[in-house]
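Comments concern the structure below.
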Amino acid sequence: MIDRDGGAGGTSPADAVDDEHHASPDESGAASGRRADDVIRHKEEMRVRSVIQNELSREETEARPRPEDPGPLDGAVIELERVYLAFDQPVLEEISFAAFPGETLVIVGESGTGKSTVLKLILRLLQPDSGRVYVNGADVADLSFTEALVVRQKMGMVFQSAALFDSMTVFENVAYPLREHTDLDEDAIEQRVREKLEFVDLEADEVMGKLPAELSGGMKKRVGIARGMANNAEIMLYDEPTSGLDPLTTGTITRLIMKLQRELNVTSIVVSHDIRASFRMATHIALLADRTVRFFGTPEEMTVSDDRYIRDFLGGY
Amino acid sequence: MPPFLDRLNDAAKRKVRALQDYFLLAWTSLRFIFARPFYGGDLVQQMDAIGVQSLGIVILTGFFTGMVLALQSAVQLQTFGASMYMGRLVSASMIRELGPVLAGLMVAGRVGSGIAAQLGSMKVTEQIDALNTLGTDPIKKLVTPRVLAALIMLPVLTVINDFVGIVGGNLIAQFYLDVPSSLYWRTVWEQIASDGFVFRFIPNDFVQGLSKPFVFGGVIAITACYFGLSTSGGTEGVGISTTRTVVASSILILVLDYFLTQILLSLLVAP
């Protein structure tokens with residue numbers, strides 16, 4: 001499912017991603033698309049090379065056992081490696097994929113295939129029964145609960161229901177992570193809150209004093225995004241960010257996620273049912289089915305897939 | 001293993017796991033009292049919700065209980081010509097037993113259900129998960145301030161309940177039995193002093209009467225938080241958690257009252 005850099009010469013995926021990372025945000029979309037294609041091509045090349053190496057070394061495996069834990073993938077911001085999780089029954093089996101800096105990875109699949117569970121694993125709200133979940137190269141499953149709280153401060157999560165604290169105003173909601181984890185004074189906090197609310201296209205003066213119950217669904221989602229990025233999160237996780245929204249608001253939220261990637265180079269993992277929105281924002285798509293990753297690749301690769309299940313899933317998109 | 005035994009085995013495991021989670025929550029929340037950061041604002045807010053806002057119900061309960069107690073006892077005491085001991089009877093009953101238990105039951109009903117409903121709603125609307133993802137420990141932020149506030153406020157409410165109950169008894173003694181108020185209050189004090197003192201100046205009755213609400217406060221808050229945080233199944237689940245909280249904490253108060261009385265009597269009353 002993912003390429004594992006064997007270090008066999010050539011540019012590493014990390015280098016390739018770094019090249020992309022240092023590029024000017026003002027460059028044209030076509031150029032960005034070409035660079036993204038290069039990265040994807042490179043990853044595919046490395047994946048094929050890895051498969052060939054595995055095949056070649058299969059006979060030697062018994063004599064020279066491969067390390068059981070190959071460690072995190074170079075340059076990956078988030079990586080799931082052969083994750084298995086069961087409650088009463090298996091939910092995820094052999095789940096592996098990775099997201100690199102600035103990428104937007106969209107996880108799609110039927111209801112009940114464990115998409116939101118993947119987000120909970122990344123946040124270490126759940127721990128896998130086996131396998132690894134790396135965030136910035138550190139296995140979050142190894143962290144204590146308190147250490148996990150620190151890691152989570154670098155991530156922003158937008159919930160399906162927005163999950164705003166209903167006893168707090170919009171201002172207090174967005175200011176919450178700043179008051180909790182920074183030494184900023186009240187003036188600096190207000191300035192940051194205004195900045196984030198304006199980033200998500202909300203009139204700060206108009207909404208700051210309102211309670212979540214007074215906001216529309218789309219506004220709640222945008223406040224949720226503002227709260228998630230208040231601490232200048234490097235990673236944003238979205239659970240069904242466009243569910244229950246009208247097409248116009250869906251477009252607004254989708255553009256916002258793309259804006260975060262384009263302007264702030266945020267790495268995003270989006271769980272979504274909305275194929276149209278997913279194809280607009282995704283650099284990669286992972287399709288979960290039968291407790292495993294049925295497809296991992298670019299939206300373009302997905303549209304030309306011969307897999308009947310994928311074609312049915314896309315419904316002629 | 002037969003299916004029946006399988007189900008029994010699973011049910012027993014679930015109960016043991018729930019009990020383990022309950023004590024783990026209790027231990028963690030108490031440990032966090034001494035750990036940074038301190039949520040002072042939340043503590044004050046909870047002391048207001050648990051203590052100040054429960055004053056009305058506690059005063060009413062204490063006052064009428066004291067009056068009923070005096071009224072029921074009046075007939076018996078008059079029969080034996082012992083009306084003058086009304087103060088002794090009412091104060092001993094209120095301070096040792098009725099004050100702590102009634103205040104506990106009232107707070108369990110009013111505050112315990114409120115805490116369970118609030119935390120349950122936060123759970124089903126993913127606000128607890130949101131706290132976690134924002135790098136905040138929900139136990140430290142939500143449970144510890146509630147437990148600490150209950151530990152502080154329930155003894156305070158009990159003292160008020162005791163006093164108001166004794167005042168209610170005084171009214172009945174004065175207007176129904178014609179016992180002078182001065183005599184009533186003197187017998188109240190005689191009762192308090194007659195049971196001996198801890199460290200020469202703390203009456204045994206006060207030790208009994210104030211150690212119980214301290215325990216009850218902790219039990220109510222932890223039970224409510226436990227059921228609140230274990231809520232699942234949407235709004236129906238919130239209702240179930242609320243009911244379970246009131247039932248479980250009321251039963252725990254009555255059962256613990258018996259065992260605490262046994263322990264305190266063996267410790268405080270010389271053989």
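Residue numbering restarts at 1 in every chain; chains get A, B, ... in the order shown in the structure tokens, and ligands count up from 1 in that same order.
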### Query
If we count only C-alpha atoms, what is near Gln261 in chain A at a cut-off of 10 Å, once residues fewer than 3 positions away on the same chain are taken out, given as a PyMOL selection string?
chain A and resi 101-104+235-236+255-258+264-268+281
Store the residues of this selection in a file with N, CA and C atoms, as an mmCIF file, in the first residue's frame.
data_model
loop_
_atom_site.group_PDB
_atom_site.id
_atom_site.type_symbol
_atom_site.label_atom_id
_atom_site.label_comp_id
_atom_site.auth_asym_id
_atom_site.auth_seq_id
_atom_site.Cartn_x
_atom_site.Cartn_y
_atom_site.Cartn_z
ATOM 1 N N PRO A 101 4.342 15.780 4.057
ATOM 2 C CA PRO A 101 4.047 17.185 4.379
ATOM 3 C C PRO A 101 3.262 17.880 3.280
ATOM 4 N N GLY A 102 2.234 18.579 3.677
ATOM 5 C CA GLY A 102 1.440 19.374 2.750
ATOM 6 C C GLY A 102 0.428 18.584 1.947
ATOM 7 N N GLU A 103 0.385 17.278 2.153
ATOM 8 C CA GLU A 103 -0.572 16.465 1.394
ATOM 9 C C GLU A 103 -1.955 16.493 2.039
ATOM 10 N N THR A 104 -2.960 16.285 1.222
ATOM 11 C CA THR A 104 -4.307 16.073 1.746
ATOM 12 C C THR A 104 -4.726 14.663 1.360
ATOM 13 N N ILE A 235 -0.825 19.493 11.539
ATOM 14 C CA ILE A 235 -1.631 18.404 10.973
ATOM 15 C C ILE A 235 -3.098 18.686 11.293
ATOM 16 N N MET A 236 -3.944 18.594 10.268
ATOM 17 C CA MET A 236 -5.377 18.767 10.517
ATOM 18 C C MET A 236 -6.102 17.476 10.156
ATOM 19 N N ARG A 255 -13.043 24.437 -0.124
ATOM 20 C CA ARG A 255 -12.049 25.468 -0.503
ATOM 21 C C ARG A 255 -11.174 25.826 0.692
ATOM 22 N N LEU A 256 -11.796 25.822 1.882
ATOM 23 C CA LEU A 256 -11.056 26.163 3.105
ATOM 24 C C LEU A 256 -9.959 25.132 3.390
ATOM 25 N N ILE A 257 -10.302 23.866 3.220
ATOM 26 C CA ILE A 257 -9.312 22.799 3.447
ATOM 27 C C ILE A 257 -8.173 22.935 2.436
ATOM 28 N N MET A 258 -8.534 23.272 1.177
ATOM 29 C CA MET A 258 -7.498 23.458 0.146
ATOM 30 C C MET A 258 -6.641 24.688 0.449
ATOM 31 N N LEU A 264 -0.728 27.345 4.117
ATOM 32 C CA LEU A 264 -0.001 27.027 5.351
ATOM 33 C C LEU A 264 0.726 25.687 5.288
ATOM 34 N N ASN A 265 0.623 25.003 4.145
ATOM 35 C CA ASN A 265 1.280 23.706 3.950
ATOM 36 C C ASN A 265 0.920 22.689 5.042
ATOM 37 N N VAL A 266 -0.340 22.765 5.471
ATOM 38 C CA VAL A 266 -0.805 21.848 6.514
ATOM 39 C C VAL A 266 -1.050 20.471 5.896
ATOM 40 N N THR A 267 -0.640 19.432 6.622
ATOM 41 C CA THR A 267 -0.937 18.067 6.187
ATOM 42 C C THR A 267 -2.327 17.703 6.709
ATOM 43 N N SER A 268 -3.182 17.248 5.799
ATOM 44 C CA SER A 268 -4.564 16.982 6.213
ATOM 45 C C SER A 268 -4.958 15.541 5.947
ATOM 46 N N MET A 281 -10.203 18.069 -3.303
ATOM 47 C CA MET A 281 -9.188 18.466 -2.324
ATOM 48 C C MET A 281 -8.044 17.466 -2.182
#
Return the neighbours of chain A among the residues of chain B, cut-off 12 Å, counting only C-alpha atoms, as a PDB file with C-alpha atoms, in the first residue's frame.
ATOM      1  CA  ARG B  36      -0.998  21.183  37.735  1.00  0.00           C
ATOM      2  CA  PRO B  37      -2.732  22.851  35.987  1.00  0.00           C
ATOM      3  CA  PHE B  38      -5.357  23.842  38.564  1.00  0.00           C
ATOM      4  CA  TYR B  39      -8.721  24.728  37.120  1.00  0.00           C
ATOM      5  CA  GLN B 118     -23.912  17.305  31.447  1.00  0.00           C
ATOM      6  CA  LEU B 119     -20.978  14.930  30.999  1.00  0.00           C
ATOM      7  CA  SER B 121     -24.269  15.110  26.666  1.00  0.00           C
ATOM      8  CA  MET B 122     -20.641  16.153  26.216  1.00  0.00           C
ATOM      9  CA  LYS B 123     -19.742  12.521  25.552  1.00  0.00           C
ATOM     10  CA  VAL B 124     -22.404  11.871  22.914  1.00  0.00           C
ATOM     11  CA  THR B 125     -21.715  15.175  21.129  1.00  0.00           C
ATOM     12  CA  GLU B 126     -17.964  14.361  20.955  1.00  0.00           C
ATOM     13  CA  GLN B 127     -17.016  17.266  23.248  1.00  0.00           C
ATOM     14  CA  ILE B 128     -15.044  14.904  25.493  1.00  0.00           C
ATOM     15  CA  ASP B 129     -13.099  13.695  22.444  1.00  0.00           C
ATOM     16  CA  ALA B 130     -12.607  17.345  21.470  1.00  0.00           C
ATOM     17  CA  LEU B 131     -11.058  18.061  24.881  1.00  0.00           C
ATOM     18  CA  ASN B 132      -8.725  15.117  24.391  1.00  0.00           C
ATOM     19  CA  THR B 133      -7.693  16.252  20.928  1.00  0.00           C
ATOM     20  CA  LEU B 134      -7.046  19.770  22.240  1.00  0.00           C
ATOM     21  CA  GLY B 135      -4.503  18.282  24.622  1.00  0.00           C
ATOM     22  CA  THR B 136      -6.617  18.494  27.775  1.00  0.00           C
ATOM     23  CA  ASP B 137      -7.177  15.589  30.118  1.00  0.00           C
ATOM     24  CA  PRO B 138     -10.969  15.406  30.564  1.00  0.00           C
ATOM     25  CA  ILE B 139     -10.602  13.883  34.031  1.00  0.00           C
ATOM     26  CA  LYS B 140      -8.460  16.789  35.194  1.00  0.00           C
ATOM     27  CA  LYS B 141     -10.670  19.404  33.560  1.00  0.00           C
TER      28      LYS B 141
END
### Task
Excluding Ala150 in chain B and any residue of its chain fewer than 5 positions from it, enumerate the residues within 7 Å of it, using only C-alpha atoms, and give them as a ChimeraX atom specification.
/B:50,217-218,221
Go ahead and save the residues from that selection, with N, CA and C atoms, as a CSV table (one decimal), in the first residue's frame.
chain,number,residue,atom,x,y,z
B,50,ILE,N,-22.8,23.1,43.0
B,50,ILE,CA,-23.1,22.0,44.0
B,50,ILE,C,-23.5,22.5,45.3
B,217,GLY,N,-19.9,13.1,49.6
B,217,GLY,CA,-19.6,14.0,48.5
B,217,GLY,C,-18.8,13.4,47.4
B,218,GLY,N,-17.7,12.7,47.8
B,218,GLY,CA,-16.8,12.1,46.9
B,218,GLY,C,-17.6,11.0,46.1
B,221,ALA,N,-20.1,12.6,43.5
B,221,ALA,CA,-19.4,13.2,42.3
B,221,ALA,C,-18.8,12.1,41.4
### Task
Write out as a list in words which residues come within 6 Å of range 283-290 of chain A when counting only C-alpha atoms, dropping same-chain ones fewer than 4 positions away.
Glu103, Thr104, Leu105, Val106, Ile107, Val108, Gly109, Arg294, Phe295, Phe296, Gly297 and Thr298 of chain A
### Message
I'd like to know which of A:Phe171, A:Tyr309, A:Phe199, A:Phe97 is closest to Ile269 in chain A, using only C-alpha atoms.
### Response
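Distance minimum relative to Ile269 in chain A lands on A:Phe97.
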### Message
If DSSP is run on the backbone, what residues of range 100-235 of chain B are helix (DSSP H, G or I)? A reply as a PyMOL selection string would be ideal.
### Response
chain B and resi 100-124+127-133+138-176+181-194+204-229+234-235
### Message
Can you tell me which residues surround Ile33 in chain B at a distance of at most 9 Å, considering only C-alpha atoms, apart from same-chain residues fewer than 2 positions away, and format the answer as a list in words?
### Response
Thr28, Ser29, Leu30, Arg31, Ala35, Arg36, Phe38, Lys140, Thr144, Pro145 and Leu148 of chain B
